[in-house]
Amino acid sequence: MNEDWKQAQEALRQITVTGSENNEPVVISGYAEGVRCVGIGTDAAVFTYDQTPGYAFKVFTEQSIAKIPVELSVYERLKGSTFFPICYGHDANYLVLSYEAGPTLQDCLLQGIEVPKQVITDVEAARKYVRGVGLNPRDIHLKNVIMQDGRAKVIDVSEYVHEGDDRRWDHLVWAYEQFYDRLSGKTIPSWVLDTIKNWYARIGTMNNTLNVEELAKKAGDLFSKYMK
């Protein structure tokens with residue numbers, strides 16, 4: 001084990017990441033000096049440690065530890081691409097990744113940070129790369145794309161082993177092309193993004209009461225009303 005990781009491991013042992021049976025975000029308890037949470041998901045939370053800059057530690061819940069070797073295999077197949085973080089290794093309950101600084105696309109919308117077209121182009125290229133190594137680029141959304149100097153870095157590759165097209169990125173590209181020129185530089189209230197997120201949740205839980213075509217139209221109407 002890398003000596004830097006050993007330092008972080010001692011601190012991370014004081015942190016507990018607990019999962020939920022209802023696919024809710026994990027709960028973090030405990031405290032360690034210098035440990036900062038930079039991301040929360042349903043299987044894991046991501047931390048940095050002040051003494052080991054450049055690394056991020058994705059700590060899995062007890063129920064999700066079996067997903068570590070699967071995600072390791074994904075990073076192995078993505079090795080060499082600049083569109084994704086680097087995976088340096090793992091321990092019993094965490095992965096060691098490169099720390100990727102920068103705002104997520106959701107941060108950009110909430111804070112009024114301009115997102116250039118190059119970011120969209122980069123994500124499309126990243127998706128093509130994923131398919132080229134036999135994986136499936138699922139679950140790419142506002143929180144899983146970081147902007148760095150006007151370019152894109154795609155994080156959280158855990159869903160790439162699953163089949164199916166959730167079309168989340170396709171809808172974001174559609175919204176970018178339809179509305180973003182009028183939204184660029186403006187702050188968007190969190191309730192607008194939360195509303196659209198809730199509509200997506202309904203697609204999977206209410207027997208397609210709201211299908212994807214209706215979602216696109218409703219999202220368009222919502223943005224149109226907001227921009228007036």
# chains A, B, ... in the order shown; residues from 1 in each chain; ligands from 1
>>> residues_around(residues="stretch 61-78 of chain A", least_positions_apart="3", cutoff="12 Å", atoms="only C-alpha atoms", output="CSV table (one decimal) with C-alpha atoms, in the first residue's frame")
chain,number,residue,atom,x,y,z
A,15,ILE,CA,-15.5,7.8,9.4
A,16,THR,CA,-18.5,5.5,8.9
A,17,VAL,CA,-20.5,5.4,5.6
A,18,THR,CA,-23.9,3.8,6.1
A,19,GLY,CA,-26.3,2.8,3.2
A,20,SER,CA,-30.0,2.7,2.9
A,21,GLU,CA,-32.3,-0.1,1.7
A,23,ASN,CA,-31.5,3.5,-2.6
A,25,PRO,CA,-27.9,8.7,-0.4
A,26,VAL,CA,-25.5,7.3,2.1
A,27,VAL,CA,-25.2,8.7,5.6
A,28,ILE,CA,-21.9,9.8,7.0
A,29,SER,CA,-21.0,9.7,10.7
A,40,ILE,CA,-22.2,11.4,-1.8
A,41,GLY,CA,-23.9,8.6,-3.7
A,42,THR,CA,-26.2,5.7,-2.9
A,43,ASP,CA,-23.3,3.1,-2.5
A,44,ALA,CA,-20.4,5.3,-1.4
A,45,ALA,CA,-19.1,8.7,-0.4
A,46,VAL,CA,-15.9,10.3,-1.7
A,58,LYS,CA,-14.3,6.4,-2.5
A,81,SER,CA,-8.4,8.0,-21.4
A,82,THR,CA,-8.1,11.6,-20.2
A,83,PHE,CA,-11.9,11.9,-19.9
A,84,PHE,CA,-12.0,9.9,-16.6
A,85,PRO,CA,-10.3,9.9,-13.2
A,86,ILE,CA,-7.3,7.6,-12.6
A,87,CYS,CA,-7.8,4.7,-10.3
A,88,TYR,CA,-4.6,4.1,-8.4
A,89,GLY,CA,-5.7,1.1,-6.3
A,90,HIS,CA,-8.0,-0.1,-3.5
A,91,ASP,CA,-8.3,-1.4,0.0
A,92,ALA,CA,-11.0,-3.4,1.7
A,93,ASN,CA,-13.7,-0.8,1.5
A,94,TYR,CA,-12.4,2.0,-0.7
A,95,LEU,CA,-11.0,2.9,-4.1
A,96,VAL,CA,-8.1,5.4,-4.5
A,97,LEU,CA,-8.8,7.8,-7.3
A,98,SER,CA,-7.3,11.0,-8.7
A,126,ALA,CA,-16.0,10.1,-23.6
A,127,ARG,CA,-19.2,8.1,-24.3
A,128,LYS,CA,-17.8,6.9,-27.6
A,129,TYR,CA,-14.7,5.8,-25.9
A,130,VAL,CA,-16.7,3.8,-23.3
A,131,ARG,CA,-18.6,2.0,-26.0
A,132,GLY,CA,-15.3,1.3,-27.8
A,133,VAL,CA,-14.0,-0.7,-24.8
A,134,GLY,CA,-17.2,-2.7,-24.6
A,135,LEU,CA,-18.9,-0.8,-21.8
A,136,ASN,CA,-22.2,1.1,-21.6
A,137,PRO,CA,-22.0,4.9,-20.7
A,154,VAL,CA,-16.6,12.4,-16.4
A,155,ILE,CA,-16.8,10.9,-12.9
A,156,ASP,CA,-18.6,7.9,-11.3
A,157,VAL,CA,-18.2,5.0,-13.8
A,158,SER,CA,-20.0,2.5,-11.6
A,159,GLU,CA,-23.0,2.0,-13.9
A,160,TYR,CA,-21.0,1.3,-17.1
A,161,VAL,CA,-21.3,-2.5,-16.6
A,162,HIS,CA,-25.1,-2.4,-16.8
>>> residues_around(residues="stretch 115-125 of chain A", least_positions_apart="4", cutoff="7 Å", atoms="only C-alpha atoms", output="count of residues only")
4
>>> select_by_dssp(residues="chain A", states="strand (DSSP E or B)", output="PyMOL selection string")
chain A and resi 15-18+27-30+35-40+44-49+55-60+87-90+94-98+104+145-148+151-154
>>> write_last_selection(atoms="C-alpha atoms", output="compact mmCIF listing (two decimals), in the first residue's frame")
# COMPACT_ATOMS: atom_id res chain seq x y z
CA ILE A 15 -15.55 7.80 9.38
CA THR A 16 -18.54 5.51 8.86
CA VAL A 17 -20.52 5.42 5.61
CA THR A 18 -23.93 3.80 6.06
CA VAL A 27 -25.25 8.70 5.64
CA ILE A 28 -21.85 9.78 6.99
CA SER A 29 -20.98 9.72 10.67
CA GLY A 30 -17.77 10.31 12.60
CA VAL A 35 -10.97 14.59 5.98
CA ARG A 36 -13.48 16.32 3.72
CA CYS A 37 -16.46 14.80 1.95
CA VAL A 38 -16.59 15.89 -1.69
CA GLY A 39 -19.33 13.60 -2.99
CA ILE A 40 -22.20 11.42 -1.84
CA ALA A 44 -20.43 5.25 -1.39
CA ALA A 45 -19.09 8.66 -0.40
CA VAL A 46 -15.94 10.31 -1.72
CA PHE A 47 -13.43 11.99 0.59
CA THR A 48 -10.20 13.91 0.35
CA TYR A 49 -7.54 14.09 3.02
CA TYR A 55 -6.07 11.65 -4.15
CA ALA A 56 -9.77 10.99 -3.59
CA PHE A 57 -11.00 8.02 -1.56
CA LYS A 58 -14.32 6.44 -2.55
CA VAL A 59 -15.51 4.68 0.61
CA PHE A 60 -18.23 2.07 0.09
CA CYS A 87 -7.82 4.66 -10.33
CA TYR A 88 -4.60 4.05 -8.41
CA GLY A 89 -5.73 1.09 -6.34
CA HIS A 90 -7.99 -0.05 -3.54
CA TYR A 94 -12.44 2.00 -0.72
CA LEU A 95 -11.00 2.92 -4.10
CA VAL A 96 -8.14 5.38 -4.47
CA LEU A 97 -8.82 7.79 -7.34
CA SER A 98 -7.29 10.96 -8.69
CA THR A 104 -19.97 19.94 -11.64
CA VAL A 145 -19.51 15.80 -15.17
CA ILE A 146 -16.87 18.20 -13.83
CA MET A 147 -15.66 21.22 -15.79
CA GLN A 148 -11.92 21.83 -15.75
CA ARG A 151 -13.10 20.81 -20.69
CA ALA A 152 -15.06 17.86 -19.28
CA LYS A 153 -14.06 15.17 -16.84
CA VAL A 154 -16.63 12.38 -16.35
>>> select_by_dssp(residues="chain A", states="alpha helix (DSSP H)", output="PyMOL selection string")
chain A and resi 3-12+68-78+105-111+117-132+168-183+190-205+212-227
>>> write_last_selection(atoms="C-alpha atoms", output="short mmCIF file (atom, residue, chain, number, x, y, z; two decimals), in the first residue's frame")
data_model
loop_
_atom_site.label_atom_id
_atom_site.label_comp_id
_atom_site.auth_asym_id
_atom_site.auth_seq_id
_atom_site.Cartn_x
_atom_site.Cartn_y
_atom_site.Cartn_z
CA GLU A 3 2.51 5.34 2.25
CA ASP A 4 0.22 8.29 1.47
CA TRP A 5 -2.77 5.96 1.47
CA LYS A 6 -1.78 4.61 4.88
CA GLN A 7 -1.96 8.13 6.31
CA ALA A 8 -5.41 8.60 4.84
CA GLN A 9 -6.56 5.16 5.94
CA GLU A 10 -5.95 5.93 9.58
CA ALA A 11 -8.13 9.01 9.27
CA LEU A 12 -10.82 7.29 7.20
CA ILE A 68 -15.41 -2.56 -5.63
CA PRO A 69 -13.88 -5.22 -7.93
CA VAL A 70 -16.53 -4.45 -10.56
CA GLU A 71 -15.67 -0.76 -10.55
CA LEU A 72 -11.97 -1.60 -10.56
CA SER A 73 -12.49 -3.59 -13.73
CA VAL A 74 -14.24 -0.63 -15.35
CA TYR A 75 -11.36 1.71 -14.55
CA GLU A 76 -8.92 -0.86 -15.89
CA ARG A 77 -10.72 -0.84 -19.24
CA LEU A 78 -10.88 2.96 -19.29
CA LEU A 105 -22.39 20.93 -14.37
CA GLN A 106 -25.04 21.24 -11.67
CA ASP A 107 -22.79 23.69 -9.81
CA CYS A 108 -22.38 25.64 -13.04
CA LEU A 109 -26.15 26.00 -13.47
CA LEU A 110 -26.73 26.94 -9.85
CA GLN A 111 -23.88 29.47 -9.82
CA LYS A 117 -19.88 23.68 -26.09
CA GLN A 118 -16.49 21.98 -25.76
CA VAL A 119 -17.70 20.36 -22.53
CA ILE A 120 -20.62 18.75 -24.37
CA THR A 121 -18.30 17.64 -27.16
CA ASP A 122 -15.91 16.08 -24.65
CA VAL A 123 -18.67 14.07 -22.97
CA GLU A 124 -19.84 12.78 -26.34
CA ALA A 125 -16.27 11.69 -27.07
CA ALA A 126 -16.03 10.06 -23.65
CA ARG A 127 -19.23 8.10 -24.30
CA LYS A 128 -17.83 6.92 -27.63
CA TYR A 129 -14.66 5.78 -25.88
CA VAL A 130 -16.68 3.85 -23.29
CA ARG A 131 -18.58 2.01 -26.00
CA GLY A 132 -15.32 1.31 -27.79
CA ARG A 168 -30.21 11.18 -19.22
CA TRP A 169 -27.29 12.65 -21.13
CA ASP A 170 -29.29 12.78 -24.37
CA HIS A 171 -31.89 14.92 -22.64
CA LEU A 172 -29.23 17.22 -21.22
CA VAL A 173 -27.77 17.73 -24.69
CA TRP A 174 -31.27 18.47 -26.00
CA ALA A 175 -31.81 21.06 -23.26
CA TYR A 176 -28.38 22.60 -23.92
CA GLU A 177 -29.12 22.98 -27.62
CA GLN A 178 -32.67 24.24 -27.10
CA PHE A 179 -32.27 26.64 -24.18
CA TYR A 180 -28.74 27.15 -22.96
CA ASP A 181 -27.94 30.16 -25.12
CA ARG A 182 -30.65 32.01 -23.17
CA LEU A 183 -29.59 30.56 -19.79
CA SER A 190 -32.33 24.63 -7.30
CA TRP A 191 -36.10 24.01 -7.33
CA VAL A 192 -36.07 24.00 -11.14
CA LEU A 193 -33.42 21.26 -11.24
CA ASP A 194 -35.09 19.36 -8.39
CA THR A 195 -38.42 19.41 -10.23
CA ILE A 196 -36.90 17.85 -13.35
CA LYS A 197 -35.03 15.30 -11.22
CA ASN A 198 -38.31 14.27 -9.58
CA TRP A 199 -39.90 13.82 -13.00
CA TYR A 200 -37.09 11.44 -13.92
CA ALA A 201 -37.69 9.48 -10.73
CA ARG A 202 -41.34 9.06 -11.69
CA ILE A 203 -40.39 7.44 -15.00
CA GLY A 204 -38.89 4.48 -13.19
CA THR A 205 -41.42 4.11 -10.40
CA VAL A 212 -39.40 10.38 -21.75
CA GLU A 213 -41.05 12.33 -24.56
CA GLU A 214 -43.45 13.97 -22.12
CA LEU A 215 -40.54 14.69 -19.81
CA ALA A 216 -38.67 16.55 -22.53
CA LYS A 217 -41.74 18.66 -23.29
CA LYS A 218 -42.43 19.39 -19.61
CA ALA A 219 -38.80 20.34 -19.02
CA GLY A 220 -38.94 22.65 -22.01
CA ASP A 221 -42.12 24.31 -20.73
CA LEU A 222 -40.56 24.75 -17.30
CA PHE A 223 -37.42 26.39 -18.69
CA SER A 224 -39.53 28.60 -20.95
CA LYS A 225 -41.58 29.85 -18.00
CA TYR A 226 -38.47 30.43 -15.92
CA MET A 227 -36.82 32.47 -18.68
#
>>> atom_distance(atom1="atom CA of A:Glu100", atom2="atom CA of A:Ile140")
16.1 Å
>>> atom_distance(atom1="atom CA of A:Gly164", atom2="atom CA of A:Gly102")
29.3 Å
